[in-house]
$ cat run03.pdb   # PDB, C-alpha atoms
ATOM      1  CA  ASN A 987     168.358 -49.029  48.965
ATOM      2  CA  ASN A 988     164.780 -50.087  48.258
ATOM      3  CA  ASN A 989     164.706 -48.293  44.917
ATOM      4  CA  ILE A 990     167.664 -50.332  43.727
ATOM      5  CA  ASN A 991     166.371 -53.594  45.169
ATOM      6  CA  ASN A 992     162.928 -53.123  43.618
ATOM      7  CA  ASN A 993     164.374 -52.442  40.192
ATOM      8  CA  THR A 994     163.340 -55.135  37.733
ATOM      9  CA  THR A 995     166.459 -54.700  35.588
ATOM     10  CA  HIS A 996     170.001 -55.836  36.160
ATOM     11  CA  PRO A 997     171.984 -53.470  38.415
ATOM     12  CA  SER A 998     174.289 -51.332  36.332
ATOM     13  CA  PRO A 999     178.080 -51.848  36.535
ATOM     14  CA  GLN A1000     178.272 -48.563  38.444
ATOM     15  CA  ILE A1001     175.801 -49.799  41.055
ATOM     16  CA  LEU A1002     177.626 -53.125  41.359
ATOM     17  CA  SER A1003     180.928 -51.327  41.841
ATOM     18  CA  LEU A1004     179.380 -49.003  44.438
ATOM     19  CA  ILE A1005     177.985 -51.919  46.441
ATOM     20  CA  HIS A1006     181.259 -53.847  46.225
ATOM     21  CA  ASN A1007     183.300 -50.876  47.427
ATOM     22  CA  HIS A1008     180.818 -50.130  50.211
ATOM     23  CA  VAL A1009     181.080 -53.682  51.556
ATOM     24  CA  MET A1010     184.864 -53.915  51.245
ATOM     25  CA  GLU A1011     185.498 -50.536  52.863
ATOM     26  CA  ARG A1012     183.152 -50.863  55.837
ATOM     27  CA  TYR A1013     183.701 -54.424  57.019
ATOM     28  CA  ASN A1014     186.954 -55.929  58.222
ATOM     29  CA  PHE A1015     185.599 -59.422  57.811
ATOM     30  CA  ILE A1016     182.371 -61.206  56.885
ATOM     31  CA  GLY A1017     182.052 -64.945  57.443
ATOM     32  CA  ILE A1018     179.745 -67.336  55.630
ATOM     33  CA  VAL A1019     177.517 -69.764  57.509
ATOM     34  CA  GLU A1020     177.860 -72.466  54.854
ATOM     35  CA  ARG A1021     181.640 -72.132  55.223
ATOM     36  CA  MET A1022     181.700 -71.538  58.962
ATOM     37  CA  ASP A1023     184.829 -73.522  59.884
ATOM     38  CA  GLU A1024     186.723 -72.043  56.941
ATOM     39  CA  SER A1025     185.638 -68.564  58.039
ATOM     40  CA  LEU A1026     186.750 -69.184  61.623
ATOM     41  CA  ALA A1027     190.104 -70.555  60.450
ATOM     42  CA  VAL A1028     190.662 -67.436  58.355
ATOM     43  CA  MET A1029     189.748 -65.202  61.296
ATOM     44  CA  LYS A1030     192.261 -67.018  63.487
ATOM     45  CA  LEU A1031     195.048 -66.542  60.979
ATOM     46  CA  LEU A1032     194.222 -62.918  60.211
ATOM     47  CA  TRP A1033     194.138 -61.782  63.835
ATOM     48  CA  ASN A1034     196.299 -64.450  65.470
ATOM     49  CA  LEU A1035     193.393 -65.559  67.660
ATOM     50  CA  ASP A1036     193.477 -68.385  70.175
ATOM     51  CA  TYR A1037     191.293 -71.423  69.588
ATOM     52  CA  GLY A1038     189.502 -70.451  72.776
ATOM     53  CA  ASP A1039     188.282 -67.329  70.994
ATOM     54  CA  LEU A1040     186.577 -69.507  68.379
ATOM     55  CA  ILE A1041     185.300 -72.606  70.149
ATOM     56  CA  VAL A1042     182.026 -72.499  72.067
ATOM     57  CA  LEU A1043     179.712 -75.269  73.187
ATOM     58  CA  SER A1044     176.504 -75.804  71.255
ATOM     59  CA  ALA A1045     173.644 -74.296  73.251
ATOM     60  CA  LYS A1046     170.630 -75.554  71.339
ATOM     61  CA  GLN A1047     170.819 -79.217  70.425
ATOM     62  CA  SER A1048     168.270 -81.600  68.996
ATOM     63  CA  GLY A1049     166.507 -83.349  71.862
ATOM     64  CA  ALA A1050     167.565 -80.749  74.461
ATOM     65  CA  TYR A1051     165.878 -77.524  75.596
ATOM     66  CA  ASP A1052     166.066 -73.931  74.392
ATOM     67  CA  ASP A1053     167.213 -70.986  76.537
ATOM     68  CA  GLY A1054     163.827 -70.666  78.264
ATOM     69  CA  ARG A1055     163.497 -66.930  77.582
ATOM     70  CA  TYR A1056     160.102 -67.148  75.924
ATOM     71  CA  ASN A1057     157.450 -67.039  78.675
ATOM     72  CA  ASN A1058     160.199 -68.044  81.113
ATOM     73  CA  THR A1059     159.562 -71.609  80.016
ATOM     74  CA  CYS A1060     161.915 -74.284  78.751
ATOM     75  CA  TYR A1061     160.764 -75.726  75.431
ATOM     76  CA  LEU A1062     161.997 -79.019  74.074
ATOM     77  CA  ILE A1063     163.829 -78.932  70.752
ATOM     78  CA  GLN A1064     162.369 -81.934  68.985
ATOM     79  CA  PRO A1065     164.940 -84.621  68.173
ATOM     80  CA  SER A1066     166.003 -84.751  64.552
ATOM     81  CA  GLY A1067     163.722 -87.087  62.609
ATOM     82  CA  TRP A1068     161.247 -87.278  65.524
ATOM     83  CA  ASN A1069     158.152 -86.678  63.408
ATOM     84  CA  GLN A1070     159.010 -89.353  60.886
ATOM     85  CA  GLN A1071     159.818 -91.936  63.542
ATOM     86  CA  GLN A1072     157.325 -91.133  66.267
ATOM     87  CA  ASP A1073     154.269 -89.698  64.569
ATOM     88  CA  HIS A1074     152.796 -92.042  61.970
ATOM     89  CA  GLU A1075     149.893 -89.746  61.223
ATOM     90  CA  HIS A1076     152.234 -86.885  60.459
ATOM     91  CA  GLU A1077     154.204 -89.148  58.151
ATOM     92  CA  GLN A1078     151.071 -90.064  56.225
ATOM     93  CA  ASN A1079     150.072 -86.422  55.877
ATOM     94  CA  GLN A1080     153.560 -85.578  54.661
ATOM     95  CA  SER A1081     153.282 -88.241  51.997
ATOM     96  CA  LYS A1082     149.931 -86.869  50.788
ATOM     97  CA  ARG A1083     151.345 -83.356  50.534
ATOM     98  CA  GLN A1084     154.543 -84.416  48.836
ATOM     99  CA  GLY A1085     153.186 -84.113  45.302
ATOM    100  CA  LYS A1086     151.940 -80.575  45.895
ATOM    101  CA  LEU A1087     155.172 -79.550  47.594
ATOM    102  CA  GLN A1088     157.271 -80.819  44.706
ATOM    103  CA  LYS A1089     155.294 -78.594  42.327
ATOM    104  CA  VAL A1090     155.763 -75.597  44.629
ATOM    105  CA  TYR A1091     159.505 -76.253  44.984
ATOM    106  CA  LYS A1092     159.840 -76.564  41.214
ATOM    107  CA  HIS A1093     158.221 -73.173  40.677
ATOM    108  CA  LEU A1094     160.366 -71.599  43.401
ATOM    109  CA  ASP A1095     163.559 -73.035  41.935
ATOM    110  CA  GLU A1096     162.623 -71.777  38.474
ATOM    111  CA  TYR A1097     161.843 -68.323  39.855
ATOM    112  CA  ILE A1098     165.081 -68.045  41.838
ATOM    113  CA  ALA A1099     167.127 -69.314  38.883
ATOM    114  CA  SER A1100     165.669 -66.642  36.582
ATOM    115  CA  GLU A1101     165.829 -62.859  36.863
ATOM    116  CA  TYR A1102     165.285 -62.917  40.637
ATOM    117  CA  ARG A1103     168.822 -64.042  41.387
ATOM    118  CA  ALA A1104     170.310 -61.580  38.928
ATOM    119  CA  ILE A1105     168.615 -58.514  40.429
ATOM    120  CA  ASN A1106     168.433 -59.501  44.120
ATOM    121  CA  LEU A1107     171.146 -57.710  46.064
ATOM    122  CA  ASP A1108     171.294 -60.358  48.801
ATOM    123  CA  TYR A1109     172.713 -62.768  46.245
ATOM    124  CA  LEU A1110     175.123 -60.088  45.088
ATOM    125  CA  LEU A1111     176.363 -59.553  48.646
ATOM    126  CA  TYR A1112     176.745 -63.312  49.113
ATOM    127  CA  ASP A1113     178.780 -63.594  45.915
ATOM    128  CA  ILE A1114     181.001 -60.664  46.919
ATOM    129  CA  VAL A1115     181.731 -62.172  50.328
ATOM    130  CA  ASN A1116     182.316 -65.636  48.868
ATOM    131  CA  ALA A1117     184.819 -64.246  46.374
ATOM    132  CA  SER A1118     186.519 -62.176  49.085
ATOM    133  CA  LEU A1119     186.867 -65.232  51.320
ATOM    134  CA  ASP A1120     188.384 -67.204  48.444
ATOM    135  CA  ARG A1121     190.929 -64.462  47.766
ATOM    136  CA  THR A1122     191.847 -64.184  51.436
ATOM    137  CA  ILE A1123     192.370 -67.951  51.650
ATOM    138  CA  ALA A1124     194.606 -67.798  48.578
ATOM    139  CA  LEU A1125     196.711 -65.070  50.227
ATOM    140  CA  LEU A1126     196.993 -66.970  53.515
ATOM    141  CA  GLY A1127     197.687 -70.245  51.730
ATOM    142  CA  ARG A1128     195.149 -72.999  51.128
ATOM    143  CA  ASP A1129     197.222 -75.564  53.037
ATOM    144  CA  ASN A1130     197.615 -73.201  55.992
ATOM    145  CA  VAL A1131     193.851 -72.585  56.188
ATOM    146  CA  ASP A1132     193.037 -76.288  55.773
ATOM    147  CA  ARG A1133     195.445 -77.220  58.560
ATOM    148  CA  THR A1134     193.960 -74.591  60.887
ATOM    149  CA  GLU A1135     190.445 -75.766  60.039
ATOM    150  CA  ARG A1136     191.353 -79.390  60.861
ATOM    151  CA  GLN A1137     192.845 -78.299  64.169
ATOM    152  CA  LEU A1138     189.717 -76.335  64.966
ATOM    153  CA  ARG A1139     187.457 -79.329  64.332
ATOM    154  CA  VAL A1140     189.611 -81.728  66.357
ATOM    155  CA  LEU A1141     189.774 -79.353  69.306
ATOM    156  CA  ARG A1142     186.072 -78.534  69.164
ATOM    157  CA  LYS A1143     185.189 -82.227  69.276
ATOM    158  CA  TRP A1144     187.581 -82.770  72.167
ATOM    159  CA  VAL A1145     186.221 -79.770  74.099
ATOM    160  CA  GLU A1146     182.649 -80.970  73.579
ATOM    161  CA  SER A1147     183.526 -84.426  74.930
ATOM    162  CA  GLN A1148     185.061 -82.854  78.041
ATOM    163  CA  CYS A1149     182.768 -79.907  78.740
ATOM    164  CA  GLN A1150     179.282 -80.441  77.305
ATOM    165  CA  ARG A1151     178.034 -82.220  80.426
ATOM    166  CA  GLU A1152     179.796 -79.843  82.786
ATOM    167  CA  ALA A1153     178.287 -76.713  81.263
ATOM    168  CA  ILE A1154     175.257 -75.223  83.031
ATOM    169  CA  PHE A1155     172.661 -73.919  80.579
ATOM    170  CA  PRO A1156     169.601 -71.784  81.443
ATOM    171  CA  CYS A1157     167.448 -74.899  81.012
ATOM    172  CA  SER A1158     168.484 -78.170  82.624
ATOM    173  CA  SER A1159     168.425 -81.541  80.884
ATOM    174  CA  ASN A1160     164.910 -82.146  82.281
ATOM    175  CA  GLY A1161     163.558 -78.729  81.270
ATOM    176  CA  THR A1162     163.929 -76.893  84.580
ATOM    177  CA  ARG A1163     164.881 -73.211  84.523
ATOM    178  CA  GLN A1164     168.207 -72.562  86.269
ATOM    179  CA  VAL A1165     169.034 -68.993  85.307
ATOM    180  CA  GLU A1166     170.892 -68.075  88.501
ATOM    181  CA  GLU A1167     173.256 -71.010  88.128
ATOM    182  CA  SER A1168     173.760 -70.545  84.388
ATOM    183  CA  SER A1169     174.467 -66.818  84.731
ATOM    184  CA  LYS A1170     177.750 -67.753  86.435
ATOM    185  CA  ASN A1171     178.577 -70.325  83.771
ATOM    186  CA  CYS A1172     177.621 -68.489  80.557
ATOM    187  CA  TYR A1173     178.642 -65.195  78.999
ATOM    188  CA  TRP A1174     175.104 -64.125  78.094
ATOM    189  CA  TYR A1175     171.937 -66.206  78.419
ATOM    190  CA  ASP A1176     172.923 -69.494  76.713
ATOM    191  CA  SER A1177     175.910 -68.069  74.834
ATOM    192  CA  GLY A1178     179.367 -69.240  75.858
ATOM    193  CA  CYS A1179     178.132 -71.643  78.527
ATOM    194  CA  GLY A1180     180.882 -73.726  80.072
ATOM    195  CA  PHE A1181     183.518 -71.160  79.085
ATOM    196  CA  ALA A1182     185.638 -71.915  82.173
ATOM    197  CA  CYS A1183     185.828 -75.586  81.209
ATOM    198  CA  VAL A1184     186.576 -74.705  77.583
ATOM    199  CA  ASP A1185     189.447 -72.441  78.640
ATOM    200  CA  ARG A1186     190.791 -75.053  81.040
ATOM    201  CA  VAL A1187     190.708 -77.861  78.499
ATOM    202  CA  LEU A1188     192.215 -75.809  75.696
ATOM    203  CA  ALA A1189     195.005 -74.588  77.960
ATOM    204  CA  SER A1190     196.559 -78.056  77.710
ATOM    205  CA  TYR A1191     195.546 -78.960  74.125
ATOM    206  CA  ASN A1192     199.119 -78.983  72.799
ATOM    207  CA  ILE A1193     200.100 -81.934  74.981
ATOM    208  CA  ARG A1194     196.829 -83.758  75.584
ATOM    209  CA  ALA A1195     194.449 -83.291  72.639
ATOM    210  CA  PRO A1196     193.958 -86.632  70.854
ATOM    211  CA  GLY A1197     194.486 -86.573  67.119
ATOM    212  CA  TYR A1198     195.975 -83.093  67.226
ATOM    213  CA  MET A1199     197.390 -81.942  63.885
TER     214      MET A1199
END

$ encode --input "run03.pdb" --output "structure tokens"
Amino acid sequence: NNNINNNTTHPSPQILSLIHNHVMERYNFIGIVERMDESLAVMKLLWNLDYGDLIVLSAKQSGAYDDGRYNNTCYLIQPSGWNQQQDHEHEQNQSKRQGKLQKVYKHLDEYIASEYRAINLDYLLYDIVNASLDRTIALLGRDNVDRTERQLRVLRKWVESQCQREAIFPCSSNGTRQVEESSKNCYWYDSGCGFACVDRVLASYNIRAPGYM
């Protein structure tokens, strides 16, 4: 509600309760990006999911290409740290701007830490979901969730080592569009690419996965 969000005062307890109830009643589950593996582990335990329902290959990696949908052209995703290592001029410009940026960041931090955070409903939603995730983990058992999360990470790393090169993405490793080939290897555009390999590898994880816990 824009009227609520534009209010310059703290939301009343009634409004907070209304928002909390609305979120809890209308969503079965909300994950948190900053706690992605925890969220996936909780989902697995809540709905008895297979690891294959949770593990997908990374489609957009530093130094590789995007999905090629924009202008039907494959665009390189610059390697992490490329500007600092490869472009000396850019590095010099960054250094010159650093002082100004620090002042801007300071003002932004001060603004967010003041009334903005208290009245912004995005932060309220985030806090509600965070607290809900914590309570769900407590009900499932912290050790149980941690163990599932470790298993997820081990299996994801193993799957990536086995399937990343086998997967066919919409853009090849040299930036060539290969949509016809990838359409048979991905669920949708560059989502779920290599799913057949992922399923095949995970089918034998209980006897072959190294470091399985």

$ resolve_selection --input "run03.pdb" --expression "the PyMOL selection byres ((chain A and resi 1024-1031) around 8)" --output "ChimeraX atom specification"
/A:1015,1017-1018,1021-1023,1032-1037,1040,1119,1122-1123,1126,1131-1132,1134-1135,1138

$ residues_around --input "run03.pdb" --residues "Ala1050 in chain A" --least-positions-apart "2" --cutoff "6 Å" --atoms "only C-alpha atoms" --output "ChimeraX atom specification"
/A:1047-1048,1062-1063

$ residues_around --input "run03.pdb" --residues "Thr1059 in chain A" --least-positions-apart "2" --cutoff "12 Å" --atoms "all atoms listed in the file" --output "list in words"
Tyr1051, Asp1052, Asp1053, Gly1054, Arg1055, Tyr1056, Asn1057, Tyr1061, Leu1062, Pro1156, Cys1157, Ser1158, Gly1161, Thr1162, Arg1163, Gln1164 and Val1165 of chain A

$ resolve_selection --input "run03.pdb" --expression "the PyMOL selection byres ((chain A and resi 1182-1185) around 9)" --output "number ranges by chain"
A: 1038, 1041-1043, 1145-1146, 1148-1149, 1152-1153, 1171-1172, 1179-1181, 1186-1189

$ axis_aligned_box --input "run03.pdb" --around "range 1017-1036 of chain A" --padding-each-side "6 Å" --output "JSON"
{"center_x": 186.9, "center_y": -67.7, "center_z": 62.5, "size_x": 30.8, "size_y": 23.7, "size_z": 27.3}

$ closest_residue --input "run03.pdb" --among "A:Lys1170, A:Gln1000, A:Ile1005, A:Leu1094" --to "Asp1108 in chain A" --atoms "all atoms listed in the file"
A:Ile1005
